[in-house]
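Structure file target-v6.txt (compact mmCIF, C-alpha atoms and all ligand atoms) is printed below.
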# COMPACT_ATOMS: atom_id res chain seq x y z
CA MET A 587 26.44 138.15 16.18
CA ALA A 588 27.04 134.78 14.54
CA LEU A 589 29.95 134.18 16.89
CA ASP A 590 27.53 134.11 19.84
CA GLU A 591 25.15 131.89 17.91
CA PHE A 592 27.46 128.88 17.79
CA THR A 593 29.76 127.12 20.22
CA LEU A 594 33.09 126.79 18.46
CA LEU A 595 35.85 125.05 20.36
CA GLY A 596 38.11 125.15 17.32
CA ASP A 597 39.67 121.73 18.04
CA ALA A 598 38.53 119.98 14.88
CA LEU A 599 36.11 121.23 12.27
CA TRP A 600 34.02 118.04 12.32
CA LEU A 601 33.59 118.22 16.10
CA ASP A 602 32.42 121.84 15.91
CA PHE A 603 29.93 120.52 13.34
CA VAL A 604 28.78 117.71 15.67
CA ASN A 605 28.65 120.18 18.58
CA SER A 606 26.17 122.37 16.69
CA ALA A 607 23.44 120.10 18.08
CA ARG A 608 24.99 119.93 21.56
CA GLY A 609 25.94 122.32 24.36
CA ARG A 610 26.71 122.92 28.00
CA THR A 611 23.10 122.70 29.17
CA LEU A 612 20.63 119.84 29.21
CA SER A 613 18.58 119.70 25.98
CA PRO A 614 20.52 122.42 24.12
CA PRO A 615 18.89 123.87 20.98
CA ASP A 616 19.95 122.68 17.52
CA ARG A 617 22.03 125.54 16.14
CA LEU A 618 21.56 124.36 12.54
CA PRO A 619 17.75 124.43 12.25
CA ASP A 620 17.72 125.58 8.60
CA VAL A 621 19.80 126.33 5.53
CA SER A 622 20.48 129.95 6.49
CA ALA A 623 21.86 128.92 9.91
CA TYR A 624 24.06 126.36 8.15
CA ALA A 625 25.27 129.07 5.75
CA ARG A 626 26.20 131.32 8.71
CA TRP A 627 28.03 128.40 10.39
CA CYS A 628 29.95 127.72 7.15
CA ALA A 629 30.81 131.41 6.73
CA LEU A 630 32.33 131.45 10.22
CA HIS A 631 34.57 128.55 9.18
CA HIS A 632 35.34 130.11 5.78
CA LEU A 633 33.80 127.08 4.09
CA ASP A 634 32.78 127.21 0.48
CA LEU A 635 29.06 126.80 -0.25
CA ALA A 636 29.18 128.10 -3.82
CA GLY A 637 28.24 125.35 -6.22
CA ASP A 638 27.59 122.94 -3.36
CA ARG A 639 24.43 121.06 -4.24
CA THR A 640 24.04 119.24 -0.95
CA SER A 641 20.66 119.54 0.70
CA MET A 642 19.96 120.20 4.37
CA ASP A 643 19.00 116.50 4.60
CA ASP A 644 22.54 115.58 3.47
CA VAL A 645 24.00 117.97 6.04
CA LEU A 646 21.96 116.58 8.93
CA THR A 647 22.54 112.96 7.83
CA LEU A 648 26.29 113.48 7.86
CA ARG A 649 26.09 115.25 11.22
CA ALA A 650 24.16 112.29 12.70
CA ARG A 651 26.78 109.89 11.34
CA LEU A 652 29.64 111.95 12.72
CA THR A 653 27.90 112.21 16.10
CA GLY A 654 27.84 108.41 16.15
CA LEU A 655 31.53 108.42 15.25
CA ALA A 656 32.41 110.86 18.05
CA GLU A 657 30.47 108.76 20.57
CA ALA A 658 32.21 105.60 19.40
CA LEU A 659 35.67 107.17 19.66
CA HIS A 660 34.84 108.58 23.12
CA GLU A 661 33.85 105.09 24.25
CA GLY A 662 36.82 103.40 22.57
CA ARG A 663 34.65 101.54 20.04
CA GLN A 664 35.12 101.07 16.32
CA PRO A 665 33.23 103.53 14.05
CA PRO A 666 29.57 102.55 13.47
CA THR A 667 28.75 100.64 10.29
CA GLY A 668 28.56 102.87 7.24
CA THR A 669 30.53 105.76 8.75
CA ILE A 670 33.74 105.07 6.85
CA ALA A 671 31.84 104.56 3.59
CA ALA A 672 30.06 107.91 4.13
CA LEU A 673 33.40 109.63 4.79
CA ASN A 674 35.00 108.03 1.74
CA GLU A 675 32.04 109.09 -0.37
CA GLN A 676 32.68 112.74 0.61
CA LEU A 677 36.45 112.39 0.15
CA ALA A 678 35.90 110.98 -3.34
CA ARG A 679 34.30 114.30 -4.39
CA SER A 680 37.65 116.11 -4.05
CA VAL A 681 39.54 116.73 -7.28
CA GLY A 682 43.23 117.50 -7.10
CA SER A 683 46.68 116.01 -6.92
CA HIS A 684 49.18 114.77 -4.37
CA GLN A 685 52.18 117.04 -3.95
CA LEU A 686 55.39 117.03 -1.99
CA THR A 687 55.94 120.23 -0.02
CA ARG A 688 58.66 121.21 2.42
CA VAL A 689 57.37 122.31 5.83
CA CYS A 690 59.78 123.42 8.56
CA GLY A 691 62.65 121.59 6.86
CA GLU A 692 60.71 118.33 6.43
CA TRP A 693 59.04 116.86 3.37
CA ARG A 694 55.28 116.35 3.62
CA LEU A 695 52.94 114.60 1.22
CA ARG A 696 49.83 116.73 0.77
CA PHE A 697 46.68 116.62 -1.27
CA ALA A 698 46.27 119.86 -3.21
CA PRO A 699 42.65 120.37 -4.37
CA VAL A 700 42.10 122.18 -7.67
CA ARG A 701 39.11 124.02 -6.20
CA PRO A 702 38.14 124.91 -2.63
CA LEU A 703 36.66 121.90 -0.83
CA ALA A 704 32.89 122.00 -0.54
CA ALA A 705 31.75 122.36 3.07
CA LEU A 706 30.81 118.71 3.64
CA GLU A 707 34.04 117.55 1.97
CA ALA A 708 36.04 119.73 4.34
CA ILE A 709 34.09 118.41 7.34
CA ALA A 710 34.59 114.80 6.22
CA ARG A 711 38.28 115.44 5.63
CA SER A 712 38.61 116.78 9.17
CA ALA A 713 36.99 113.61 10.60
CA ALA A 714 39.21 111.43 8.40
CA ALA A 715 42.31 113.30 9.62
CA THR A 716 41.33 112.72 13.27
CA LEU A 717 40.74 109.00 12.61
CA ALA A 718 44.09 108.69 10.84
CA GLU A 719 46.01 110.58 13.56
CA ALA A 720 47.07 108.01 16.16
CA GLY A 721 47.87 110.52 18.91
CA THR A 722 44.48 112.28 18.86
CA ALA A 723 41.70 111.15 21.19
CA VAL A 724 38.07 112.28 21.01
CA ARG A 725 36.34 112.90 24.33
CA ARG A 726 33.00 114.10 25.61
CA CYS A 727 33.24 116.85 28.22
CA ALA A 728 33.10 115.66 31.83
CA GLY A 729 30.96 118.68 32.80
CA GLU A 730 27.75 117.51 34.48
CA THR A 731 25.35 118.93 31.90
CA CYS A 732 27.80 119.34 29.00
CA SER A 733 27.63 117.16 25.90
CA LEU A 734 30.35 118.85 23.80
CA PHE A 735 33.04 116.77 22.11
CA PHE A 736 36.67 117.86 21.82
CA THR A 737 40.02 116.41 20.80
CA ASP A 738 42.67 115.61 23.36
CA GLU A 739 46.17 115.82 21.93
CA SER A 740 47.91 116.25 25.28
CA PRO A 741 50.80 113.78 25.80
CA THR A 742 49.16 112.53 29.01
CA GLY A 743 45.64 112.32 27.51
CA SER A 744 44.33 114.10 30.56
CA ARG A 745 42.01 116.76 29.12
CA ARG A 746 38.56 116.39 30.70
CA TRP A 747 36.63 119.55 29.87
CA CYS A 748 35.68 121.46 26.74
CA VAL A 749 36.70 124.65 28.59
CA ALA A 750 38.02 124.08 32.10
CA ALA A 751 37.00 127.57 33.23
CA LEU A 752 33.37 126.80 32.35
CA CYS A 753 32.76 123.09 32.86
CA GLY A 754 35.60 122.47 35.33
CA ARG A 755 34.06 124.95 37.77
CA ASP A 756 31.52 122.54 39.25
CA ALA A 757 34.23 119.99 39.90
CA ARG A 758 36.42 122.62 41.61
CA ILE A 759 33.55 123.71 43.87
CA GLU A 760 32.82 120.09 44.82
CA ARG A 761 36.50 119.49 45.49
CA ARG A 762 36.58 122.47 47.83
CA ARG A 763 33.57 121.08 49.65
CA GLY A 764 35.40 117.79 50.04
CA LEU A 765 32.98 115.92 47.82
CA LEU A 766 35.62 115.04 45.27
CA ARG A 767 39.03 113.63 46.03
ZN ZN A 801 31.97 121.23 28.71
Could you render the structure as C-alpha cells?
Amino acid sequence: MALDEFTLLGDALWLDFVNSARGRTLSPPDRLPDVSAYARWCALHHLDLAGDRTSMDDVLTLRARLTGLAEALHEGRQPPTGTIAALNEQLARSVGSHQLTRVCGEWRLRFAPVRPLAALEAIARSAAATLAEAGTAVRRCAGETCSLFFTDESPTGSRRWCVAALCGRDARIERRRGLLR
C-alpha cells in the first residue's frame, strides 16, 4: 500500500525526499503531511527512526532547503545560502571512523558509522554525495505538468524525463503530430 502512496524514482535518496512534495500533476499533494506518513516513507527506504529526536518541523525545513538545492542544481546555480551549513550540521551528527576497503580490486576510503544513520543524516549524506560527484547532474523532468527531480548520470547528459514512458509520452504524441522537431 505504501508503495503506491509515494513516488520513488530511486535515483538518489534526497531527491525522493524532495519529490515527496512534488509529482506528475499540477499541484500534487504533499505526501508527508504528518509524522506517520514520514515514518512510512522512512520504512520504505529502510531508514532508522529509532532514537531520532528530530521533529516534523526539522524534517520539513530540511526538505525545503533540499528543494532549493535541487532547483539551483537544475538551473546551474550555486547552492542557496545556508544549504551547505545545514548539510554539514546533519553530517556532523554521524559517529564512526574512516576505513579503507577493497571493492572490485580497488581501494576505497569509506566512512563506517558505529550506528545506523538517522533518517535525516542519511538524506543529507545522499545530497552531499550528489554535490561531491562531478559526473552527476540534477534535473527537473521535462514533462509538461511534472515537477519531479532526478539525477542524470548518462555520459551524454541527455536524460529529460523522470520516466520516459510516462512523461515522455506527450512529447512523442506531439512529435507524431509534427508539432515537435
Ligand atoms: Zn516526469
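Interatomic distance, atom CA of Ala750 of chain A to atom CA of Ser613 of chain A: 20.8 Å.
Nearest to ligand ZN 801 (chain A) of all the residues A:Ser712, A:Phe603, A:Leu612, A:Arg688 is A:Leu612, counting only C-alpha atoms and all ligand atoms.
When atom CA of Asn674 of chain A is paired with atom CA of Ala623 of chain A, their separation reads 26.0 Å.
Proximity to ligand ZN 801 (chain A) was assessed for A:Val749, A:Ala650, A:Leu695, A:Ala704 counting only C-alpha atoms and all ligand atoms; the smallest distance is recorded for A:Val749.
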Here atom CA of Val604 of chain A and atom CA of Arg651 of chain A stand apart by 9.2 Å
Within 8 Å of ligand ZN 801 (chain A), counting all atoms listed in the file: which residues, as a PDB file with C-alpha atoms, in the coordinates of the input?
ATOM      1  CA  GLY A 609      25.940 122.320  24.360  1.00  0.00           C
ATOM      2  CA  ARG A 610      26.710 122.920  28.000  1.00  0.00           C
ATOM      3  CA  ARG A 726      33.000 114.100  25.610  1.00  0.00           C
ATOM      4  CA  CYS A 727      33.240 116.850  28.220  1.00  0.00           C
ATOM      5  CA  ALA A 728      33.100 115.660  31.830  1.00  0.00           C
ATOM      6  CA  GLY A 729      30.960 118.680  32.800  1.00  0.00           C
ATOM      7  CA  THR A 731      25.350 118.930  31.900  1.00  0.00           C
ATOM      8  CA  CYS A 732      27.800 119.340  29.000  1.00  0.00           C
ATOM      9  CA  SER A 733      27.630 117.160  25.900  1.00  0.00           C
ATOM     10  CA  LEU A 734      30.350 118.850  23.800  1.00  0.00           C
ATOM     11  CA  TRP A 747      36.630 119.550  29.870  1.00  0.00           C
ATOM     12  CA  CYS A 748      35.680 121.460  26.740  1.00  0.00           C
ATOM     13  CA  VAL A 749      36.700 124.650  28.590  1.00  0.00           C
ATOM     14  CA  ALA A 750      38.020 124.080  32.100  1.00  0.00           C
ATOM     15  CA  LEU A 752      33.370 126.800  32.350  1.00  0.00           C
ATOM     16  CA  CYS A 753      32.760 123.090  32.860  1.00  0.00           C
ATOM     17  CA  GLY A 754      35.600 122.470  35.330  1.00  0.00           C
TER      18      GLY A 754
END
May I have the residues within 10 Å of Glu707 of chain A as a CSV table (one decimal) with C-alpha atoms, in the frame of the given file, using all atoms listed in the file and disregarding those fewer than 6 positions away in the same chain?
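What ended up in result-v4.csv:
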chain,number,residue,atom,x,y,z
A,633,LEU,CA,33.8,127.1,4.1
A,634,ASP,CA,32.8,127.2,0.5
A,638,ASP,CA,27.6,122.9,-3.4
A,673,LEU,CA,33.4,109.6,4.8
A,674,ASN,CA,35.0,108.0,1.7
A,675,GLU,CA,32.0,109.1,-0.4
A,676,GLN,CA,32.7,112.7,0.6
A,677,LEU,CA,36.4,112.4,0.2
A,678,ALA,CA,35.9,111.0,-3.3
A,679,ARG,CA,34.3,114.3,-4.4
A,680,SER,CA,37.6,116.1,-4.0
A,713,ALA,CA,37.0,113.6,10.6
Do a neighbour search on Glu661 of chain A at 10 Å with only C-alpha atoms, toss out local chain neighbours closer than 5 positions, and write the hits as an NGL selection string.
-> :A and (655-656 or 724-726)
Pick from A:Leu646, A:Leu618, A:Val700, A:Leu652 nearest to Phe735 of chain A, counting only C-alpha atoms | A:Leu652
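Each of A:Cys690, A:Leu594, A:Ala705, A:Ala671 was compared to Arg639 of chain A using only C-alpha atoms, and A:Ala705 turns out to be the nearest.
Checking A:Ser683, A:Thr593, A:Ser641, A:Thr742 one by one against Thr611 of chain A, counting only C-alpha atoms, you find the shortest gap at A:Thr593.
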Residue among A:Leu703, A:Leu686, A:Val681, A:Ala598 lying closest to Thr716 of chain A, counting all atoms listed in the file = A:Ala598
